[in-house]
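Data from entry_34.pdb: PDB, C-alpha atoms and all ligand atoms
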MODEL        1
ATOM      1  CA  MET A  26      52.565  55.915  95.651
ATOM      2  CA  ASP A  27      51.103  52.406  95.744
ATOM      3  CA  LYS A  28      50.820  50.450  92.537
ATOM      4  CA  ILE A  29      47.623  51.329  90.701
ATOM      5  CA  ALA A  30      46.602  47.931  89.485
ATOM      6  CA  SER A  31      43.832  46.912  91.806
ATOM      7  CA  PRO A  32      40.111  47.369  91.251
ATOM      8  CA  ASN A  33      39.834  49.703  94.268
ATOM      9  CA  LYS A  34      42.805  51.911  93.474
ATOM     10  CA  THR A  35      41.723  52.202  89.836
ATOM     11  CA  LYS A  36      38.165  53.153  90.821
ATOM     12  CA  GLU A  37      39.531  55.685  93.323
ATOM     13  CA  ILE A  38      41.617  57.402  90.632
ATOM     14  CA  ILE A  39      38.776  57.358  88.110
ATOM     15  CA  GLN A  40      36.494  58.959  90.690
ATOM     16  CA  GLU A  41      38.990  61.545  91.895
ATOM     17  CA  TYR A  42      39.516  62.834  88.355
ATOM     18  CA  GLN A  43      35.910  62.241  87.220
ATOM     19  CA  PHE A  44      37.411  60.335  84.308
ATOM     20  CA  LYS A  45      34.959  59.131  81.659
ATOM     21  CA  PHE A  46      35.979  56.005  79.741
ATOM     22  CA  SER A  47      35.957  56.451  75.997
ATOM     23  CA  LYS A  48      34.730  53.375  74.179
ATOM     24  CA  SER A  49      35.866  54.810  70.862
ATOM     25  CA  LEU A  50      39.463  55.045  72.172
ATOM     26  CA  GLY A  51      39.392  51.402  73.255
ATOM     27  CA  GLN A  52      39.807  52.223  76.936
ATOM     28  CA  ASN A  53      39.762  49.028  78.989
ATOM     29  CA  PHE A  54      42.175  49.374  81.886
ATOM     30  CA  LEU A  55      43.945  46.422  83.475
ATOM     31  CA  ILE A  56      43.240  45.885  87.162
ATOM     32  CA  ASP A  57      45.103  42.641  87.776
ATOM     33  CA  LYS A  58      48.685  42.886  89.002
ATOM     34  CA  ASN A  59      49.465  39.301  87.940
ATOM     35  CA  ILE A  60      48.547  39.984  84.336
ATOM     36  CA  LEU A  61      50.643  43.167  84.307
ATOM     37  CA  GLU A  62      53.590  41.185  85.597
ATOM     38  CA  LYS A  63      53.014  38.477  82.993
ATOM     39  CA  ILE A  64      53.178  41.097  80.225
ATOM     40  CA  VAL A  65      56.412  42.531  81.615
ATOM     41  CA  GLN A  66      57.924  39.056  82.050
ATOM     42  CA  ALA A  67      56.894  38.097  78.516
ATOM     43  CA  ALA A  68      58.723  41.149  77.153
ATOM     44  CA  GLU A  69      61.929  39.992  78.899
ATOM     45  CA  ILE A  70      62.935  43.523  79.818
ATOM     46  CA  THR A  71      66.343  44.177  81.301
ATOM     47  CA  GLU A  72      67.665  47.320  82.931
ATOM     48  CA  GLU A  73      69.465  48.138  79.671
ATOM     49  CA  ASP A  74      66.235  48.250  77.693
ATOM     50  CA  TYR A  75      64.488  51.207  76.145
ATOM     51  CA  VAL A  76      60.735  50.783  75.871
ATOM     52  CA  ILE A  77      57.881  52.488  74.055
ATOM     53  CA  GLU A  78      54.483  51.895  75.615
ATOM     54  CA  ILE A  79      51.424  52.484  73.475
ATOM     55  CA  GLY A  80      48.403  53.811  75.379
ATOM     56  CA  PRO A  81      49.424  54.005  79.069
ATOM     57  CA  GLY A  82      45.884  54.790  80.279
ATOM     58  CA  ILE A  83      46.238  55.677  83.967
ATOM     59  CA  GLY A  84      49.741  54.195  84.078
ATOM     60  CA  SER A  85      49.300  50.773  85.677
ATOM     61  CA  LEU A  86      51.354  48.836  83.124
ATOM     62  CA  THR A  87      53.748  51.793  82.794
ATOM     63  CA  GLN A  88      54.703  51.512  86.482
ATOM     64  CA  HIS A  89      55.495  47.808  86.163
ATOM     65  CA  ILE A  90      57.596  48.332  83.034
ATOM     66  CA  ALA A  91      59.467  51.298  84.553
ATOM     67  CA  ASP A  92      60.556  49.131  87.495
ATOM     68  CA  LYS A  93      62.484  46.923  85.075
ATOM     69  CA  CYS A  94      63.735  49.043  82.173
ATOM     70  CA  ARG A  95      66.212  51.849  81.602
ATOM     71  CA  LYS A  96      63.797  54.338  80.094
ATOM     72  CA  ILE A  97      60.237  54.288  78.827
ATOM     73  CA  VAL A  98      58.364  56.685  76.574
ATOM     74  CA  ALA A  99      54.585  56.238  76.756
ATOM     75  CA  VAL A 100      52.386  57.634  73.973
ATOM     76  CA  GLU A 101      48.812  58.464  75.008
ATOM     77  CA  ILE A 102      46.158  60.015  72.768
ATOM     78  CA  ASP A 103      43.639  61.083  75.442
ATOM     79  CA  LYS A 104      44.504  64.453  76.972
ATOM     80  CA  HIS A 105      42.182  63.764  79.926
ATOM     81  CA  LEU A 106      44.632  61.097  81.074
ATOM     82  CA  LEU A 107      47.642  63.406  81.197
ATOM     83  CA  PRO A 108      46.984  64.949  84.641
ATOM     84  CA  ILE A 109      46.282  61.461  85.999
ATOM     85  CA  LEU A 110      49.539  60.106  84.581
ATOM     86  CA  ALA A 111      51.422  63.114  85.970
ATOM     87  CA  LYS A 112      50.295  62.037  89.419
ATOM     88  CA  THR A 113      50.475  58.241  89.185
ATOM     89  CA  LEU A 114      53.954  58.297  87.644
ATOM     90  CA  VAL A 115      55.401  61.172  89.671
ATOM     91  CA  GLU A 116      57.842  58.963  91.572
ATOM     92  CA  TYR A 117      59.529  57.612  88.449
ATOM     93  CA  ASP A 118      62.412  59.425  86.778
ATOM     94  CA  ASN A 119      62.681  57.061  83.809
ATOM     95  CA  ILE A 120      59.232  57.670  82.280
ATOM     96  CA  GLU A 121      58.279  60.268  79.709
ATOM     97  CA  VAL A 122      54.670  60.628  78.610
ATOM     98  CA  ILE A 123      54.001  62.009  75.147
ATOM     99  CA  HIS A 124      50.562  63.236  74.206
ATOM    100  CA  GLY A 125      49.755  62.031  70.688
ATOM    101  CA  ASP A 126      48.227  59.531  68.326
ATOM    102  CA  VAL A 127      50.744  56.731  67.898
ATOM    103  CA  LEU A 128      49.579  56.368  64.291
ATOM    104  CA  LYS A 129      50.779  59.916  63.601
ATOM    105  CA  VAL A 130      53.881  60.136  65.786
ATOM    106  CA  ASP A 131      57.203  59.990  63.911
ATOM    107  CA  LEU A 132      58.608  56.977  65.751
ATOM    108  CA  HIS A 133      61.941  57.019  63.907
ATOM    109  CA  LYS A 134      62.525  60.553  65.170
ATOM    110  CA  LEU A 135      61.278  59.695  68.654
ATOM    111  CA  ILE A 136      63.714  56.774  68.891
ATOM    112  CA  GLN A 137      66.547  58.905  67.519
ATOM    113  CA  ASP A 138      65.851  61.777  69.935
ATOM    114  CA  ARG A 139      65.031  59.831  73.097
ATOM    115  CA  PHE A 140      67.003  56.611  72.694
ATOM    116  CA  GLN A 141      69.944  57.647  70.452
ATOM    117  CA  GLY A 142      68.527  55.472  67.673
ATOM    118  CA  GLN A 143      68.954  52.252  69.654
ATOM    119  CA  LYS A 144      66.485  49.411  69.158
ATOM    120  CA  VAL A 145      63.525  49.488  71.523
ATOM    121  CA  LYS A 146      60.967  47.050  72.843
ATOM    122  CA  VAL A 147      57.338  47.969  72.302
ATOM    123  CA  ILE A 148      54.761  47.038  74.919
ATOM    124  CA  GLY A 149      51.084  47.825  75.131
ATOM    125  CA  ASN A 150      47.625  46.793  76.138
ATOM    126  CA  LEU A 151      46.488  48.015  72.752
ATOM    127  CA  PRO A 152      43.241  49.787  71.910
ATOM    128  CA  TYR A 153      41.455  47.035  69.997
ATOM    129  CA  TYR A 154      39.894  49.324  67.383
ATOM    130  CA  VAL A 155      43.323  50.124  65.917
ATOM    131  CA  THR A 156      45.435  47.058  66.728
ATOM    132  CA  THR A 157      46.176  46.100  63.136
ATOM    133  CA  PRO A 158      46.989  49.632  61.889
ATOM    134  CA  ILE A 159      49.346  50.152  64.845
ATOM    135  CA  VAL A 160      51.177  46.847  64.374
ATOM    136  CA  MET A 161      51.403  47.310  60.605
ATOM    137  CA  LYS A 162      52.663  50.892  60.942
ATOM    138  CA  LEU A 163      55.521  49.723  63.166
ATOM    139  CA  LEU A 164      56.417  46.891  60.808
ATOM    140  CA  GLU A 165      55.988  48.622  57.452
ATOM    141  CA  GLU A 166      57.811  51.769  58.516
ATOM    142  CA  LYS A 167      60.643  49.506  59.699
ATOM    143  CA  VAL A 168      60.821  51.264  63.042
ATOM    144  CA  PRO A 169      63.939  50.016  64.901
ATOM    145  CA  ILE A 170      62.313  47.685  67.421
ATOM    146  CA  SER A 171      63.342  44.231  68.555
ATOM    147  CA  SER A 172      59.975  42.978  69.786
ATOM    148  CA  MET A 173      56.369  43.889  70.468
ATOM    149  CA  THR A 174      54.684  42.369  73.499
ATOM    150  CA  ILE A 175      51.063  43.316  73.218
ATOM    151  CA  MET A 176      47.648  42.497  74.597
ATOM    152  CA  ILE A 177      45.191  42.244  71.738
ATOM    153  CA  GLN A 178      41.860  40.688  70.884
ATOM    154  CA  GLN A 179      42.175  36.902  70.920
ATOM    155  CA  GLU A 180      40.927  36.323  67.396
ATOM    156  CA  VAL A 181      43.364  38.876  65.965
ATOM    157  CA  ALA A 182      46.235  37.134  67.786
ATOM    158  CA  GLN A 183      45.124  33.807  66.296
ATOM    159  CA  ARG A 184      45.108  35.342  62.818
ATOM    160  CA  MET A 185      48.620  36.712  63.329
ATOM    161  CA  GLU A 186      49.965  33.283  64.292
ATOM    162  CA  ALA A 187      47.895  31.151  61.872
ATOM    163  CA  LYS A 188      49.409  28.595  59.498
ATOM    164  CA  PRO A 189      48.272  27.849  55.904
ATOM    165  CA  SER A 190      45.029  25.900  55.362
ATOM    166  CA  THR A 191      43.530  26.959  58.692
ATOM    167  CA  LYS A 192      40.445  29.135  59.061
ATOM    168  CA  ASP A 193      42.390  31.998  60.636
ATOM    169  CA  TYR A 194      45.082  32.169  57.937
ATOM    170  CA  GLY A 195      44.903  35.286  55.832
ATOM    171  CA  ALA A 196      46.636  38.446  54.656
ATOM    172  CA  LEU A 197      47.337  39.530  58.259
ATOM    173  CA  SER A 198      49.064  36.190  59.056
ATOM    174  CA  ILE A 199      51.398  36.640  56.110
ATOM    175  CA  ALA A 200      52.072  40.334  56.732
ATOM    176  CA  VAL A 201      52.987  39.669  60.376
ATOM    177  CA  GLN A 202      54.987  36.510  59.668
ATOM    178  CA  TYR A 203      56.884  38.242  56.841
ATOM    179  CA  TYR A 204      58.414  40.599  59.418
ATOM    180  CA  CYS A 205      58.176  38.663  62.716
ATOM    181  CA  GLN A 206      58.117  35.426  64.624
ATOM    182  CA  PRO A 207      54.803  35.554  66.493
ATOM    183  CA  LYS A 208      54.150  33.633  69.701
ATOM    184  CA  ILE A 209      50.849  33.515  71.544
ATOM    185  CA  LEU A 210      51.585  33.498  75.271
ATOM    186  CA  LEU A 211      48.456  33.772  77.345
ATOM    187  CA  LYS A 212      44.699  34.011  76.993
ATOM    188  CA  VAL A 213      43.198  36.635  79.276
ATOM    189  CA  PRO A 214      39.543  36.814  80.350
ATOM    190  CA  PRO A 215      37.471  40.062  80.203
ATOM    191  CA  THR A 216      37.272  40.131  84.029
ATOM    192  CA  VAL A 217      40.763  41.619  84.448
ATOM    193  CA  PHE A 218      39.712  44.930  82.856
ATOM    194  CA  ILE A 219      37.593  47.923  83.816
ATOM    195  CA  PRO A 220      35.281  48.241  81.944
ATOM    196  CA  GLN A 221      35.174  44.642  80.749
ATOM    197  CA  PRO A 222      35.542  44.206  76.968
ATOM    198  CA  LYS A 223      33.075  41.968  75.139
ATOM    199  CA  VAL A 224      35.843  39.778  73.769
ATOM    200  CA  SER A 225      38.638  37.636  75.158
ATOM    201  CA  SER A 226      42.169  38.939  74.948
ATOM    202  CA  THR A 227      45.566  37.425  74.366
ATOM    203  CA  ILE A 228      49.119  38.406  75.137
ATOM    204  CA  ILE A 229      51.199  37.843  72.024
ATOM    205  CA  ARG A 230      54.855  38.540  71.443
ATOM    206  CA  LEU A 231      56.164  39.428  68.007
ATOM    207  CA  ASP A 232      59.924  39.087  67.668
ATOM    208  CA  ILE A 233      61.085  41.174  64.742
ATOM    209  CA  LEU A 234      63.267  39.188  62.326
ATOM    210  CA  GLU A 235      66.667  40.606  61.320
ATOM    211  CA  ARG A 236      65.422  40.549  57.746
ATOM    212  CA  PRO A 237      62.034  39.541  56.293
ATOM    213  CA  ARG A 238      61.297  35.833  56.346
ATOM    214  CA  VAL A 239      61.386  35.521  52.553
ATOM    215  CA  TYR A 240      63.190  37.419  49.820
ATOM    216  CA  VAL A 241      60.751  39.507  47.824
ATOM    217  CA  GLU A 242      61.782  41.613  44.844
ATOM    218  CA  ASN A 243      58.784  43.936  44.891
ATOM    219  CA  GLU A 244      57.046  44.158  48.279
ATOM    220  CA  LYS A 245      54.155  46.189  46.906
ATOM    221  CA  LEU A 246      53.383  43.536  44.294
ATOM    222  CA  PHE A 247      53.827  40.716  46.856
ATOM    223  CA  PHE A 248      51.221  42.224  49.190
ATOM    224  CA  ARG A 249      48.838  43.054  46.320
ATOM    225  CA  ILE A 250      48.994  39.408  45.165
ATOM    226  CA  ILE A 251      48.215  38.266  48.700
ATOM    227  CA  LYS A 252      45.329  40.737  48.953
ATOM    228  CA  ASP A 253      43.859  39.441  45.700
ATOM    229  CA  ALA A 254      44.417  35.790  46.637
ATOM    230  CA  PHE A 255      42.489  36.217  49.901
ATOM    231  CA  GLY A 256      40.009  38.775  48.560
ATOM    232  CA  LYS A 257      38.049  36.018  46.872
ATOM    233  CA  ARG A 258      38.627  33.139  49.236
ATOM    234  CA  ARG A 259      36.372  30.690  47.421
ATOM    235  CA  LYS A 260      37.961  31.209  44.040
ATOM    236  CA  THR A 261      40.882  29.212  42.749
ATOM    237  CA  LEU A 262      44.179  31.032  42.790
ATOM    238  CA  LEU A 263      44.131  31.327  38.985
ATOM    239  CA  ASN A 264      40.705  33.007  39.005
ATOM    240  CA  ALA A 265      41.351  35.138  42.083
ATOM    241  CA  LEU A 266      44.551  36.567  40.601
ATOM    242  CA  SER A 267      43.222  37.140  37.095
ATOM    243  CA  THR A 268      40.028  38.880  38.300
ATOM    244  CA  GLY A 269      41.520  40.725  41.298
ATOM    245  CA  THR A 270      42.602  44.342  41.743
ATOM    246  CA  LEU A 271      45.847  43.669  39.848
ATOM    247  CA  LYS A 272      43.845  42.691  36.759
ATOM    248  CA  LEU A 273      46.532  40.249  35.678
ATOM    249  CA  ASN A 274      46.286  38.557  32.308
ATOM    250  CA  LYS A 275      45.050  34.972  32.788
ATOM    251  CA  ASP A 276      47.707  33.426  30.550
ATOM    252  CA  LEU A 277      50.412  35.329  32.377
ATOM    253  CA  VAL A 278      49.133  34.049  35.732
ATOM    254  CA  LYS A 279      48.931  30.481  34.343
ATOM    255  CA  GLU A 280      52.501  30.668  33.104
ATOM    256  CA  ALA A 281      53.768  32.116  36.409
ATOM    257  CA  LEU A 282      51.955  29.446  38.425
ATOM    258  CA  THR A 283      53.462  26.704  36.264
ATOM    259  CA  THR A 284      56.953  28.156  36.622
ATOM    260  CA  ALA A 285      56.439  28.391  40.400
ATOM    261  CA  ASP A 286      55.192  24.786  40.425
ATOM    262  CA  ILE A 287      51.914  25.834  42.060
ATOM    263  CA  ASP A 288      48.624  24.263  40.964
ATOM    264  CA  GLY A 289      46.291  27.083  39.836
ATOM    265  CA  ASN A 290      43.298  25.138  41.151
ATOM    266  CA  ARG A 291      44.530  25.576  44.703
ATOM    267  CA  ARG A 292      43.003  28.321  46.805
ATOM    268  CA  GLY A 293      45.089  31.200  48.161
ATOM    269  CA  GLU A 294      44.646  30.088  51.752
ATOM    270  CA  THR A 295      46.688  26.926  51.092
ATOM    271  CA  LEU A 296      49.818  28.785  49.971
ATOM    272  CA  SER A 297      52.760  29.223  52.303
ATOM    273  CA  ILE A 298      54.546  32.552  52.580
ATOM    274  CA  GLN A 299      57.445  30.989  50.634
ATOM    275  CA  GLU A 300      55.103  30.028  47.791
ATOM    276  CA  PHE A 301      53.606  33.531  47.678
ATOM    277  CA  ALA A 302      57.131  34.978  47.520
ATOM    278  CA  LYS A 303      58.136  32.610  44.704
ATOM    279  CA  LEU A 304      55.031  33.502  42.712
ATOM    280  CA  ALA A 305      55.447  37.245  43.321
ATOM    281  CA  ASN A 306      59.094  37.151  42.224
ATOM    282  CA  ILE A 307      58.234  35.300  39.012
ATOM    283  CA  LEU A 308      55.397  37.750  38.238
ATOM    284  CA  ALA A 309      57.674  40.705  39.016
ATOM    285  CA  GLU A 310      59.999  39.527  36.260
ATOM    286  CA  LYS A 311      57.254  38.863  33.736
ATOM    287  CA  MET A 312      55.354  42.135  34.205
TER
HETATM  288  N1  LIG B   1      47.766  50.574  79.400
HETATM  289  C1  LIG B   1      46.509  50.827  80.076
HETATM  290  C2  LIG B   1      46.113  49.592  80.850
HETATM  291  O1  LIG B   1      46.583  48.506  80.482
HETATM  292  O2  LIG B   1      45.317  49.697  81.768
HETATM  293  C3  LIG B   1      45.399  51.263  79.108
HETATM  294  C4  LIG B   1      45.114  50.326  77.957
HETATM  295  S1  LIG B   1      43.682  50.749  77.050
HETATM  296  C5  LIG B   1      43.250  49.168  76.364
HETATM  297  C6  LIG B   1      44.290  51.546  75.573
HETATM  298  C7  LIG B   1      44.897  52.927  75.782
HETATM  299  O3  LIG B   1      45.338  53.413  74.512
HETATM  300  C8  LIG B   1      43.941  54.000  76.308
HETATM  301  O4  LIG B   1      44.567  54.717  77.318
HETATM  302  C9  LIG B   1      43.643  54.895  75.104
HETATM  303  O5  LIG B   1      43.313  56.216  75.439
HETATM  304  C10 LIG B   1      44.957  54.780  74.350
HETATM  305  N2  LIG B   1      44.865  55.010  72.888
HETATM  306  C11 LIG B   1      43.826  54.744  72.061
HETATM  307  N3  LIG B   1      44.123  55.049  70.786
HETATM  308  C12 LIG B   1      45.411  55.525  70.802
HETATM  309  C13 LIG B   1      46.282  56.025  69.791
HETATM  310  N4  LIG B   1      45.909  56.064  68.510
HETATM  311  N5  LIG B   1      47.508  56.469  70.159
HETATM  312  C14 LIG B   1      47.908  56.410  71.463
HETATM  313  N6  LIG B   1      47.124  55.956  72.462
HETATM  314  C15 LIG B   1      45.886  55.511  72.133
ENDMDL
END
Mind turning the file's structure into structure tokens?
Ligand code: SAM
Amino acid sequence: MDKIASPNKTKEIIQEYQFKFSKSLGQNFLIDKNILEKIVQAAEITEEDYVIEIGPGIGSLTQHIADKCRKIVAVEIDKHLLPILAKTLVEYDNIEVIHGDVLKVDLHKLIQDRFQGQKVKVIGNLPYYVTTPIVMKLLEEKVPISSMTIMIQQEVAQRMEAKPSTKDYGALSIAVQYYCQPKILLKVPPTVFIPQPKVSSTIIRLDILERPRVYVENEKLFFRIIKDAFGKRRKTLLNALSTGTLKLNKDLVKEALTTADIDGNRRGETLSIQEFAKLANILAEKM
């Protein structure tokens, strides 16, 4: 079968199966072969690689990945796409499609069963309504993956890569950078999708670090401190932390900030991930 990724071929398949796009499932299918190849190139797949694709749609990206990798498991939530995928991917013997919600699938078990527990590369033109939950699930559950090469909404990609004291820097920047080295690779216009999304998209690669970027004694506390620090962006760090969800005693926060050598009049958005870790580790000892 010819490759799917052209506007005509995609429309033909959609028509043949009377497929109805679901906006609520974030269905915007890629119709540009060059962009598909850019995603595959960015992932640096070799024939040794095992890949998990999130949301194969009608299989256009899946085909391009399968040409390069050893084996790919694609997880698709929409049962209406399964008969289409069965046809578009029929010529490949290294693709398995799993029907399911990637947020609910036990990925540790999947990797153990399908890939003998070996590290995998994750690739996907992600559904934009659940980008952050998907990325955070993979990172927080410490699924054995080496990288994620994903197409996501441009502004979310900018937040993932943002540095302190910039407008995009926030809790997501720190969460992603705690686990990964992010790299924005390419901005993609809405015209390469059917239907066209209202926003611009970006291909970003997240290389998972061997161990988190900073040493943190109590991860739960670390992320709660970050949440509080950014929850009230206009407040000083001292006020944000002593009136936030952690309800920390003001004197305790003052003391911890002094020990960490951080000025309490600064705002959370100016703190580096290292400074947040230092503060969290001091508070963990004092609490
Ligand atoms: N990979 C295809 C492409 O590039 O043309 C489709 C990408 S489309 C942006 C997102 C795909 O993810 C859709 O096929 C959608 O049905 C699927 N999807 C949405 N939510 C999902 C979830 N929670 N788990 C698995 N797949 C999901």
Report task. For the file shown, report as a list in words the outcome of the PyMOL selection byres (((chain A and resi 146-152) around 8) and not hetatm) at residue level. Result ->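 What the PyMOL selection byres (((chain A and resi 146-152) around 8) and not hetatm) grabs from the file is Leu50, Gly51, Gln52, Asn53, Ala68, Asp74, Tyr75, Val76, Ile77, Glu78, Ile79, Gly80, Pro81, Lys144, Val145, Tyr153, Tyr154, Val155, Thr156, Ile170, Ser171, Ser172, Met173, Thr174, Ile175, Met176 and Ile177 of chain A.
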Take the residues just selected and output them with C-alpha atoms as an mmCIF file, in the frame of the given file.
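Listed below is the output, out10.cif:
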data_model
loop_
_atom_site.group_PDB
_atom_site.id
_atom_site.type_symbol
_atom_site.label_atom_id
_atom_site.label_comp_id
_atom_site.auth_asym_id
_atom_site.auth_seq_id
_atom_site.Cartn_x
_atom_site.Cartn_y
_atom_site.Cartn_z
ATOM 1 C CA LEU A 50 39.463 55.045 72.172
ATOM 2 C CA GLY A 51 39.392 51.402 73.255
ATOM 3 C CA GLN A 52 39.807 52.223 76.936
ATOM 4 C CA ASN A 53 39.762 49.028 78.989
ATOM 5 C CA ALA A 68 58.723 41.149 77.153
ATOM 6 C CA ASP A 74 66.235 48.250 77.693
ATOM 7 C CA TYR A 75 64.488 51.207 76.145
ATOM 8 C CA VAL A 76 60.735 50.783 75.871
ATOM 9 C CA ILE A 77 57.881 52.488 74.055
ATOM 10 C CA GLU A 78 54.483 51.895 75.615
ATOM 11 C CA ILE A 79 51.424 52.484 73.475
ATOM 12 C CA GLY A 80 48.403 53.811 75.379
ATOM 13 C CA PRO A 81 49.424 54.005 79.069
ATOM 14 C CA LYS A 144 66.485 49.411 69.158
ATOM 15 C CA VAL A 145 63.525 49.488 71.523
ATOM 16 C CA TYR A 153 41.455 47.035 69.997
ATOM 17 C CA TYR A 154 39.894 49.324 67.383
ATOM 18 C CA VAL A 155 43.323 50.124 65.917
ATOM 19 C CA THR A 156 45.435 47.058 66.728
ATOM 20 C CA ILE A 170 62.313 47.685 67.421
ATOM 21 C CA SER A 171 63.342 44.231 68.555
ATOM 22 C CA SER A 172 59.975 42.978 69.786
ATOM 23 C CA MET A 173 56.369 43.889 70.468
ATOM 24 C CA THR A 174 54.684 42.369 73.499
ATOM 25 C CA ILE A 175 51.063 43.316 73.218
ATOM 26 C CA MET A 176 47.648 42.497 74.597
ATOM 27 C CA ILE A 177 45.191 42.244 71.738
#
**Report entry** Using only C-alpha atoms and all ligand atoms: which of A:Glu101, A:Asp286, A:Glu180, A:Asp253 has the shortest distance to ligand LIG 1 (chain B)
**Finding:**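 Closest to ligand LIG 1 (chain B), using only C-alpha atoms and all ligand atoms: A:Glu101.
Comparing A:Thr113, A:Asn33, A:Gln179, A:Thr71 by their smallest distance to Lys93 of chain A, the closest is A:Thr71 (using all atoms listed in the file).
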**Report entry** Counting all atoms listed in the file, the residue of A:Leu128, A:Val278, A:Ile120, A:Leu296 that sits nearest ligand LIG 1 (chain B)
**Finding:** A:Leu128
Requested in this report: Return the single residue from A:Leu132, A:Cys94, A:Ala254, A:Ile60 that is closest to Leu266 of chain A, with distances computed using all atoms listed in the file.
Outcome: A:Ala254
**Report entry** Near-segment 200-211 of chain A list (6 Å; only C-alpha atoms; drop same-chain fewer than 2 positions) as a list in words
**Finding:**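 Near neighbours after the sequence-gap exclusion: Glu186, Leu197, Ser198, Thr227, Ile228, Ile229, Arg230, Leu231, Asp232, Ile233, Leu234, Pro237 and Arg238 of chain A.
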Query raised in the report: What residues come out when you apply the PyMOL selection byres (((chain A and resi 190) around 6) and not hetatm) to this file, written as a list in words?
Result: Pro189, Thr191, Glu294 and Thr295 of chain A
Requested in this report: Provide the atom CA of Gln299 of chain A to atom CA of Lys188 of chain A distance in Å, to one decimal place.
Outcome: 12.2 Å
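Coordinates place atom CA of Ala182 of chain A at a distance of 15.1 Å from atom C5 of ligand LIG 1 (chain B).
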Query raised in the report: Which one is closest to Arg292 of chain A: A:Phe140, A:Tyr117, A:Phe46, A:Tyr194? Count only C-alpha atoms.
Result: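 Once distances to Arg292 of chain A are computed over only C-alpha atoms, the minimum belongs to A:Tyr194.
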Query raised in the report: the PyMOL selection byres (((chain A and resi 245) around 12) and not hetatm) on the file shown: which residues, as a PyMOL selection string?
Result: chain A and resi 165+200+241-244+246-252+271+302+305-306+309
